[in-house]
>>> print(open('run-v2.csv').read())   # CSV, C-alpha atoms and all ligand atoms
chain,number,residue,atom,x,y,z
D,1,MET,CA,42.9,117.1,113.7
D,2,LYS,CA,40.5,119.0,116.0
D,3,VAL,CA,38.1,117.0,118.1
D,4,VAL,CA,34.3,117.0,118.5
D,5,VAL,CA,33.5,117.0,122.2
D,6,VAL,CA,30.1,115.5,123.0
D,7,ILE,CA,28.7,116.0,126.5
D,8,GLY,CA,25.6,114.1,127.6
D,9,SER,CA,23.8,110.9,128.5
D,10,SER,CA,24.4,107.3,127.9
D,11,ASN,CA,21.6,104.8,128.3
D,12,THR,CA,20.8,101.1,127.7
D,13,ASP,CA,17.7,101.0,125.6
D,14,MET,CA,15.1,98.2,126.1
D,15,VAL,CA,13.0,98.1,123.1
D,16,VAL,CA,9.6,96.4,122.3
D,17,SER,CA,8.0,96.5,118.9
D,18,THR,CA,4.2,96.8,119.0
D,19,ASP,CA,1.4,97.7,116.5
D,20,LYS,CA,0.6,100.8,118.5
D,21,ALA,CA,2.0,102.3,121.7
D,22,PRO,CA,-0.3,101.8,124.8
D,23,LEU,CA,-2.7,104.6,125.9
D,24,PRO,CA,-2.7,105.5,129.6
D,25,GLY,CA,-4.1,102.5,131.5
D,26,GLU,CA,-3.9,100.2,128.5
D,27,THR,CA,-1.9,97.0,128.0
D,28,VAL,CA,-0.9,96.0,124.5
D,29,LEU,CA,1.0,92.9,123.3
D,30,GLY,CA,4.3,93.6,121.6
D,31,SER,CA,6.4,91.4,119.4
D,32,GLY,CA,10.2,91.4,119.5
D,33,PHE,CA,12.3,92.6,122.4
D,34,PHE,CA,15.9,93.7,122.2
D,35,MET,CA,18.4,95.8,124.2
D,36,ALA,CA,20.8,98.2,122.4
D,37,PRO,CA,23.1,100.9,123.5
D,38,GLY,CA,21.5,104.4,123.4
D,39,GLY,CA,21.2,107.7,125.2
D,40,LYS,CA,21.1,111.0,123.3
D,41,GLY,CA,24.7,111.9,124.2
D,42,ALA,CA,26.2,108.5,123.4
D,43,ASN,CA,24.2,108.2,120.2
D,44,GLN,CA,25.6,111.6,119.0
D,45,ALA,CA,29.1,110.7,120.1
D,46,VAL,CA,28.9,107.4,118.2
D,47,ALA,CA,27.3,109.2,115.1
D,48,ALA,CA,30.2,111.7,115.0
D,49,ALA,CA,32.9,109.0,115.5
D,50,ARG,CA,31.4,106.7,112.8
D,51,SER,CA,31.2,109.8,110.5
D,52,GLY,CA,34.9,110.2,110.8
D,53,ALA,CA,35.4,112.7,113.6
D,54,LYS,CA,37.8,112.3,116.5
D,55,VAL,CA,35.4,112.3,119.5
D,56,ILE,CA,35.9,112.9,123.2
D,57,PHE,CA,32.7,111.9,125.1
D,58,VAL,CA,31.9,113.3,128.6
D,59,THR,CA,29.3,111.3,130.4
D,60,ARG,CA,28.6,109.5,133.7
D,61,LEU,CA,27.9,105.8,133.9
D,62,GLY,CA,26.9,103.5,136.9
D,63,ARG,CA,29.2,100.9,138.4
D,64,ASP,CA,27.2,98.1,136.8
D,65,VAL,CA,27.1,95.8,133.8
D,66,PHE,CA,25.3,98.4,131.6
D,67,GLY,CA,28.1,100.9,132.4
D,68,LYS,CA,30.8,98.3,131.6
D,69,THR,CA,29.2,97.4,128.3
D,70,ALA,CA,28.8,101.1,127.3
D,71,LEU,CA,32.4,101.8,128.1
D,72,ALA,CA,33.6,98.9,126.0
D,73,ASN,CA,31.3,100.0,123.1
D,74,PHE,CA,32.7,103.6,123.2
D,75,GLU,CA,36.2,102.1,123.0
D,76,ARG,CA,35.2,99.9,120.1
D,77,ASP,CA,34.0,103.0,118.2
D,78,GLY,CA,37.3,104.7,118.9
D,79,ILE,CA,35.8,107.3,121.2
D,80,ASP,CA,38.1,108.9,123.8
D,81,ALA,CA,36.6,107.9,127.1
D,82,ALA,CA,39.0,109.9,129.4
D,83,TYR,CA,36.1,111.9,130.7
D,84,VAL,CA,33.7,109.0,131.2
D,85,PHE,CA,33.0,109.1,134.9
D,86,ILE,CA,31.8,106.2,137.0
D,87,ASP,CA,29.2,107.1,139.6
D,88,LYS,CA,29.5,105.2,142.9
D,89,SER,CA,25.8,105.3,143.9
D,90,GLU,CA,23.6,105.7,140.8
D,91,PRO,CA,22.9,103.0,138.2
D,92,SER,CA,23.6,103.6,134.5
D,93,GLY,CA,20.8,105.3,132.5
D,94,THR,CA,18.1,103.1,131.0
D,95,ALA,CA,15.4,103.9,128.5
D,96,LEU,CA,12.1,101.9,127.9
D,97,ILE,CA,11.1,102.3,124.2
D,98,THR,CA,8.2,101.1,122.1
D,99,VAL,CA,8.4,101.3,118.4
D,100,ASP,CA,5.0,101.1,116.5
D,101,LYS,CA,4.3,99.8,113.0
D,102,LYS,CA,4.8,103.3,111.5
D,103,ALA,CA,8.4,103.2,112.9
D,104,GLN,CA,7.6,105.9,115.5
D,105,ASN,CA,8.9,105.5,119.0
D,106,SER,CA,7.8,106.5,122.5
D,107,ILE,CA,10.5,106.7,125.2
D,108,VAL,CA,10.7,106.8,129.0
D,109,VAL,CA,14.2,107.5,130.3
D,110,ALA,CA,15.4,106.6,133.9
D,111,PRO,CA,18.5,108.9,133.8
D,112,GLY,CA,20.4,107.3,136.8
D,113,ALA,CA,24.0,108.4,136.7
D,114,ASN,CA,23.2,110.9,133.9
D,115,ARG,CA,21.4,113.0,136.5
D,116,LYS,CA,24.7,113.3,138.4
D,117,LEU,CA,26.8,114.7,135.5
D,118,SER,CA,27.9,117.9,137.1
D,119,PRO,CA,29.5,121.3,136.3
D,120,SER,CA,32.6,120.0,138.1
D,121,ASP,CA,32.8,117.0,135.7
D,122,ILE,CA,32.7,119.5,132.8
D,123,LYS,CA,35.4,121.6,134.5
D,124,ARG,CA,37.6,118.5,134.5
D,125,ALA,CA,37.2,118.3,130.7
D,126,GLU,CA,38.1,122.0,130.2
D,127,ALA,CA,41.3,121.3,128.2
D,128,ALA,CA,39.4,119.2,125.8
D,129,ILE,CA,36.6,121.7,125.4
D,130,LYS,CA,39.1,124.6,124.9
D,131,ASN,CA,40.7,122.9,121.9
D,132,ALA,CA,37.6,121.4,120.3
D,133,ALA,CA,36.3,122.1,116.8
D,134,CYS,CA,32.8,122.1,118.4
D,135,VAL,CA,31.0,121.0,121.5
D,136,VAL,CA,27.7,119.1,121.2
D,137,LEU,CA,25.1,118.9,124.0
D,138,GLN,CA,21.6,117.6,124.7
D,139,GLN,CA,19.4,117.9,127.8
D,140,GLU,CA,19.3,114.4,129.5
D,141,MET,CA,21.5,116.0,132.2
D,142,PRO,CA,21.0,118.7,134.7
D,143,GLU,CA,20.3,122.2,133.4
D,144,GLU,CA,23.1,123.7,135.4
D,145,THR,CA,25.5,121.3,133.7
D,146,VAL,CA,24.3,122.3,130.3
D,147,GLU,CA,24.6,126.0,131.2
D,148,PHE,CA,28.1,125.6,132.6
D,149,ALA,CA,29.3,123.7,129.5
D,150,VAL,CA,27.8,126.2,127.1
D,151,SER,CA,29.4,129.1,129.0
D,152,LEU,CA,32.8,127.4,129.2
D,153,ALA,CA,32.9,126.6,125.4
D,154,HIS,CA,31.6,130.0,124.5
D,155,ALA,CA,34.4,131.7,126.7
D,156,TYR,CA,36.9,129.8,124.5
D,157,LYS,CA,35.0,130.8,121.3
D,158,VAL,CA,34.3,127.1,120.6
D,159,PRO,CA,31.0,126.7,118.6
D,160,VAL,CA,28.3,125.0,120.7
D,161,ILE,CA,25.7,122.7,119.1
D,162,LEU,CA,22.7,122.3,121.4
D,163,ASN,CA,20.1,119.6,120.7
D,164,PRO,CA,17.4,120.7,123.1
D,165,ALA,CA,16.1,117.2,123.8
D,166,PRO,CA,14.1,116.3,125.8
D,167,ALA,CA,12.4,119.7,125.7
D,168,ARG,CA,12.6,122.0,128.7
D,169,LYS,CA,12.8,125.8,129.3
D,170,ILE,CA,16.1,127.3,128.4
D,171,ASN,CA,17.6,130.4,129.8
D,172,LYS,CA,17.8,133.1,127.0
D,173,ALA,CA,21.3,134.0,128.2
D,174,VAL,CA,22.4,130.4,127.3
D,175,LEU,CA,20.8,130.5,123.8
D,176,LYS,CA,22.8,133.7,123.0
D,177,LYS,CA,26.0,131.6,123.4
D,178,VAL,CA,24.9,128.9,121.1
D,179,TYR,CA,26.2,128.5,117.5
D,180,LEU,CA,23.5,126.0,116.5
D,181,LEU,CA,20.2,125.2,118.1
D,182,ASN,CA,19.0,121.9,116.7
D,183,PRO,CA,15.5,120.9,117.9
D,184,ASN,CA,13.0,118.5,116.3
D,185,GLU,CA,9.4,119.6,115.6
D,186,THR,CA,8.1,118.9,119.1
D,187,GLU,CA,11.0,120.7,120.8
D,188,ALA,CA,10.8,123.6,118.3
D,189,PHE,CA,7.1,124.0,119.2
D,190,PHE,CA,7.8,123.8,122.9
D,191,LEU,CA,10.4,126.6,122.7
D,192,SER,CA,8.8,128.8,120.1
D,193,GLY,CA,5.1,128.2,120.7
D,194,ILE,CA,4.6,127.7,116.9
D,195,LYS,CA,3.1,124.4,115.9
D,196,ILE,CA,5.0,123.0,112.9
D,197,ALA,CA,2.8,121.7,110.2
D,198,GLY,CA,4.8,122.4,107.1
D,199,LYS,CA,7.5,124.6,105.5
D,200,SER,CA,6.0,128.0,106.4
D,201,SER,CA,5.4,127.2,110.1
D,202,ALA,CA,8.9,125.7,110.3
D,203,LYS,CA,10.2,129.0,108.8
D,204,ALA,CA,8.2,131.1,111.3
D,205,ALA,CA,9.4,128.9,114.2
D,206,ALA,CA,13.0,129.1,113.1
D,207,ALA,CA,12.8,132.9,112.8
D,208,LYS,CA,11.4,133.1,116.3
D,209,LEU,CA,14.1,130.8,117.7
D,210,LEU,CA,16.7,132.9,116.0
D,211,ARG,CA,15.4,136.0,117.9
D,212,PHE,CA,16.2,134.2,121.2
D,213,GLY,CA,19.9,134.5,120.3
D,214,PRO,CA,21.5,131.4,118.7
D,215,GLU,CA,23.5,132.1,115.6
D,216,ASN,CA,21.8,129.3,113.5
D,217,VAL,CA,18.8,127.1,113.9
D,218,ILE,CA,18.1,123.7,112.3
D,219,ILE,CA,14.7,122.2,112.9
D,220,THR,CA,14.6,118.5,111.9
D,221,LEU,CA,11.2,117.6,110.4
D,222,GLY,CA,11.3,113.8,110.4
D,223,SER,CA,10.7,112.2,107.0
D,224,LYS,CA,10.1,115.7,105.6
D,225,GLY,CA,13.8,116.8,106.1
D,226,VAL,CA,15.2,119.9,107.8
D,227,PHE,CA,14.6,123.6,107.8
D,228,ALA,CA,17.7,125.7,108.6
D,229,ALA,CA,18.2,129.4,109.0
D,230,GLY,CA,20.9,131.8,110.2
D,231,LYS,CA,22.2,135.3,109.5
D,232,GLY,CA,21.2,136.1,105.9
D,233,PHE,CA,20.2,132.5,104.8
D,234,GLU,CA,17.5,130.0,105.1
D,235,MET,CA,17.2,126.5,103.5
D,236,PHE,CA,14.8,123.6,103.3
D,237,VAL,CA,16.6,120.4,102.7
D,238,PRO,CA,14.3,117.4,102.0
D,239,ALA,CA,14.9,114.1,103.6
D,240,PHE,CA,16.4,111.2,101.5
D,241,LYS,CA,13.7,108.6,100.5
D,242,VAL,CA,14.2,105.4,102.4
D,243,LYS,CA,12.1,102.6,103.9
D,244,ALA,CA,11.9,103.5,107.7
D,245,VAL,CA,11.7,100.6,110.2
D,246,ASP,CA,12.7,102.4,113.4
D,247,THR,CA,13.3,106.2,113.7
D,248,THR,CA,15.1,105.9,117.2
D,249,ALA,CA,18.2,108.1,117.2
D,250,ALA,CA,17.5,109.7,113.8
D,251,GLY,CA,17.8,113.1,115.4
D,252,ASP,CA,21.0,112.1,117.2
D,253,THR,CA,22.5,110.7,114.1
D,254,PHE,CA,21.7,113.9,112.2
D,255,THR,CA,23.3,116.1,115.0
D,256,GLY,CA,26.4,113.9,115.3
D,257,GLY,CA,26.8,113.6,111.6
D,258,PHE,CA,26.4,117.3,111.1
D,259,ALA,CA,29.0,118.1,113.8
D,260,ALA,CA,31.5,115.7,112.3
D,261,ALA,CA,31.0,117.1,108.8
D,262,LEU,CA,31.4,120.7,110.1
D,263,ALA,CA,34.6,119.7,112.1
D,264,ALA,CA,36.0,118.2,108.9
D,265,GLY,CA,35.6,121.6,107.2
D,266,LYS,CA,32.4,121.1,105.1
D,267,ASP,CA,30.2,124.1,104.8
D,268,PHE,CA,26.8,124.4,106.5
D,269,TYR,CA,24.7,123.1,103.6
D,270,ASP,CA,27.0,120.1,102.9
D,271,SER,CA,27.0,119.3,106.6
D,272,VAL,CA,23.2,119.3,106.6
D,273,ARG,CA,23.2,117.0,103.6
D,274,PHE,CA,25.7,114.7,105.3
D,275,GLY,CA,23.7,114.6,108.6
D,276,SER,CA,20.5,113.9,106.7
D,277,ALA,CA,22.1,111.1,104.7
D,278,ALA,CA,23.5,109.5,107.9
D,279,ALA,CA,20.0,109.9,109.6
D,280,ALA,CA,18.2,108.4,106.6
D,281,LEU,CA,20.4,105.3,106.9
D,282,CYS,CA,19.8,105.2,110.6
D,283,VAL,CA,16.0,104.8,110.2
D,284,THR,CA,16.4,101.8,107.9
D,285,LYS,CA,17.7,99.7,110.9
D,286,LYS,CA,16.4,98.9,114.4
D,287,GLY,CA,17.8,100.4,117.6
D,288,ALA,CA,19.8,103.4,118.4
D,289,GLN,CA,23.6,102.8,118.1
D,290,SER,CA,22.9,99.6,116.3
D,291,SER,CA,21.6,101.6,113.4
D,292,ILE,CA,24.1,104.4,113.2
D,293,PRO,CA,26.0,104.2,109.9
D,294,PHE,CA,29.8,104.4,109.3
D,295,LEU,CA,31.5,107.1,107.1
D,296,ALA,CA,31.9,104.8,104.1
D,297,GLU,CA,28.2,103.8,104.1
D,298,THR,CA,27.1,107.5,104.3
D,299,VAL,CA,29.5,108.6,101.6
D,300,ARG,CA,28.4,105.7,99.3
D,301,PHE,CA,24.7,106.6,100.0
D,302,LEU,CA,25.3,110.3,99.2
D,303,GLY,CA,27.2,109.3,96.0
D,304,SER,CA,24.2,107.2,94.9
D,305,ARG,CA,21.7,110.1,95.2
V,401,LIG,P1,14.0,110.5,117.1
V,401,LIG,O1,13.0,109.6,116.4
V,401,LIG,O2,15.3,109.8,117.3
V,401,LIG,O3,13.4,111.1,118.4
V,401,LIG,P2,14.0,113.2,116.2
V,401,LIG,O4,12.5,113.4,116.4
V,401,LIG,O5,14.9,113.8,117.1
V,401,LIG,O6,14.3,111.6,116.0
V,401,LIG,P3,13.5,113.6,113.4
V,401,LIG,O7,13.1,115.0,113.1
V,401,LIG,O8,12.4,112.6,113.4
V,401,LIG,O9,14.4,113.6,114.7
V,401,LIG,O10,14.6,113.1,112.3
V,401,LIG,C1,15.9,113.6,112.2
V,401,LIG,C2,16.3,113.6,110.8
V,401,LIG,O11,16.4,112.2,110.4
V,401,LIG,C3,15.4,114.2,109.8
V,401,LIG,O12,15.6,115.6,109.6
V,401,LIG,C4,15.7,113.4,108.5
V,401,LIG,O13,16.9,114.0,107.9
V,401,LIG,C5,16.0,112.0,109.1
V,401,LIG,N1,14.8,111.2,109.0
V,401,LIG,C6,13.9,110.9,110.0
V,401,LIG,N2,12.9,110.1,109.6
V,401,LIG,C7,13.2,109.8,108.3
V,401,LIG,C8,12.6,109.0,107.3
V,401,LIG,N3,11.4,108.3,107.6
V,401,LIG,N4,13.1,108.9,106.1
V,401,LIG,C9,14.3,109.6,105.8
V,401,LIG,N5,15.0,110.4,106.7
V,401,LIG,C10,14.4,110.5,107.9
V,402,LIG,O1,17.2,109.9,121.0
V,402,LIG,C1,17.1,108.5,121.2
V,402,LIG,C2,17.5,108.2,122.6
V,402,LIG,O2,16.7,108.8,123.5
V,402,LIG,C3,17.4,106.7,122.9
V,402,LIG,O3,18.6,106.0,122.6
V,402,LIG,C4,17.1,106.7,124.4
V,402,LIG,O4,18.2,106.2,125.2
V,402,LIG,C5,16.8,108.2,124.8
V,402,LIG,O5,17.9,108.8,125.4
>>> encode(input="run-v2.csv", output="structure tokens", more="lines below")
Ligand code: ATP
Ligand code: RIB
Amino acid sequence: MKVVVVIGSSNTDMVVSTDKAPLPGETVLGSGFFMAPGGKGANQAVAAARSGAKVIFVTRLGRDVFGKTALANFERDGIDAAYVFIDKSEPSGTALITVDKKAQNSIVVAPGANRKLSPSDIKRAEAAIKNAACVVLQQEMPEETVEFAVSLAHAYKVPVILNPAPARKINKAVLKKVYLLNPNETEAFFLSGIKIAGKSSAKAAAAKLLRFGPENVIITLGSKGVFAAGKGFEMFVPAFKVKAVDTTAAGDTFTGGFAAALAAGKDFYDSVRFGSAAAALCVTKKGAQSSIPFLAETVRFLGSR
């Protein structure tokens, strides 16, 4: 069985529920507080593993209790942690999150050790990357690390899935080596300059992003679903109807679920449906990794629709 290699961040999320996120200079009272494992890379690794893929995760943790807990969690999810590096000087990544009563989140990340994930760390994982079904990346790590990993995977003709979150400028030469660019609406707007307000603007943004060079684009549109396009096809796949309580990690669950489905041999459309089902289940529970469903739950959910 081929593996999904996920490269990226691991954080501990500190979450407060509040009626509305504070404006600059404002203090608001929240209600519940909880901590949960998070980080875009780790969430995607967990989503792919719980969706049935064999996963190797490449990340950097601090030498602290958060790092120890994260490592134990990866092992519990059956994730191969051979390339989980422990940084001697930086703390593990943390994220401060507010979730409002519409289930929307606002996040500030202190990357810590994630900032030190380097091209030489990626080089150490070359054998895993070379044999992978696909490589999945996000942007809570240095730009040079993303660029090195994309080029390495591309050199071995391994499909690269890039979730460009958080948004930042991306070198066009990098986008040309990407199999799938998978932004949300905000990131798609940042990269394309086209504000997404519905299906037709999503279509225009996807067309513009495709001209930058990736083989395929999937823009996730929150509760509306996803718009996907590639050579000779485009599709709008509506989201599954659920009661959302916290959307944190919805995008990560989509990306990880999609990657696992693709690695298992599903076609593009079925992989989108699978990722959407896993993401819909994710928004019905609180937290990041605490809300990511297992294969049996997603299969059952898909079967009931
Ligand atoms: P995050 O909130 O983690 O930052 P994101 O902005 O990266 O998420 P979204 O576009 O909000 O990603 O959501 C990703 C996918 O999750 C959507 O395409 C959809 O399939 C699913 N999803 C998100 N919100 C809902 C919802 N309220 N109901 C059903 N499915 C949802
Ligand atoms: O995408 C959600 C994730 O973003 C959270 O788990 C948080 O850690 C930040 O990385």
>>> atom_distance(input="run-v2.csv", atom1="atom O13 of ligand LIG 401 (chain V)", atom2="CA of Gly222 (chain D)")
6.1 Å
>>> residues_near_ligand(input="run-v2.csv", ligand="ligand LIG 401 (chain V)", cutoff="7 Å", atoms="only C-alpha atoms and all ligand atoms", output="ChimeraX atom specification")
/D:104-105,184-185,220-226,239-244,247-252,254,275-277,279-280,283
>>> closest_atom_pairs(input="run-v2.csv", of="region 150-181 of chain D", to="region 229-235 of chain D", cutoff="12 Å", atoms="only C-alpha atoms", output="tab-separated table")
residue	atom	partner	partner_atom	distance
D:Val178	CA	D:Gly230	CA	12.0
D:Tyr179	CA	D:Gly230	CA	9.6
D:Leu180	CA	D:Gly230	CA	8.9
D:Leu181	CA	D:Ala229	CA	10.2
>>> atom_distance(input="run-v2.csv", atom1="CA of Arg273 (chain D)", atom2="CA of Val237 (chain D)")
7.5 Å
>>> residues_near_point(input="run-v2.csv", point="(12.7, 117.3, 127.6)", cutoff="8 Å", atoms="only C-alpha atoms", output="list in words")
Gln139, Glu140, Pro164, Ala165, Pro166, Ala167, Arg168 and Glu187 of chain D
>>> residues_near_ligand(input="run-v2.csv", ligand="ligand LIG 402 (chain V)", cutoff="10 Å", atoms="only C-alpha atoms and all ligand atoms", output="ChimeraX atom specification")
/D:8-15,36-44,93-97,105-111,138-140,165-166,247-253,287-290
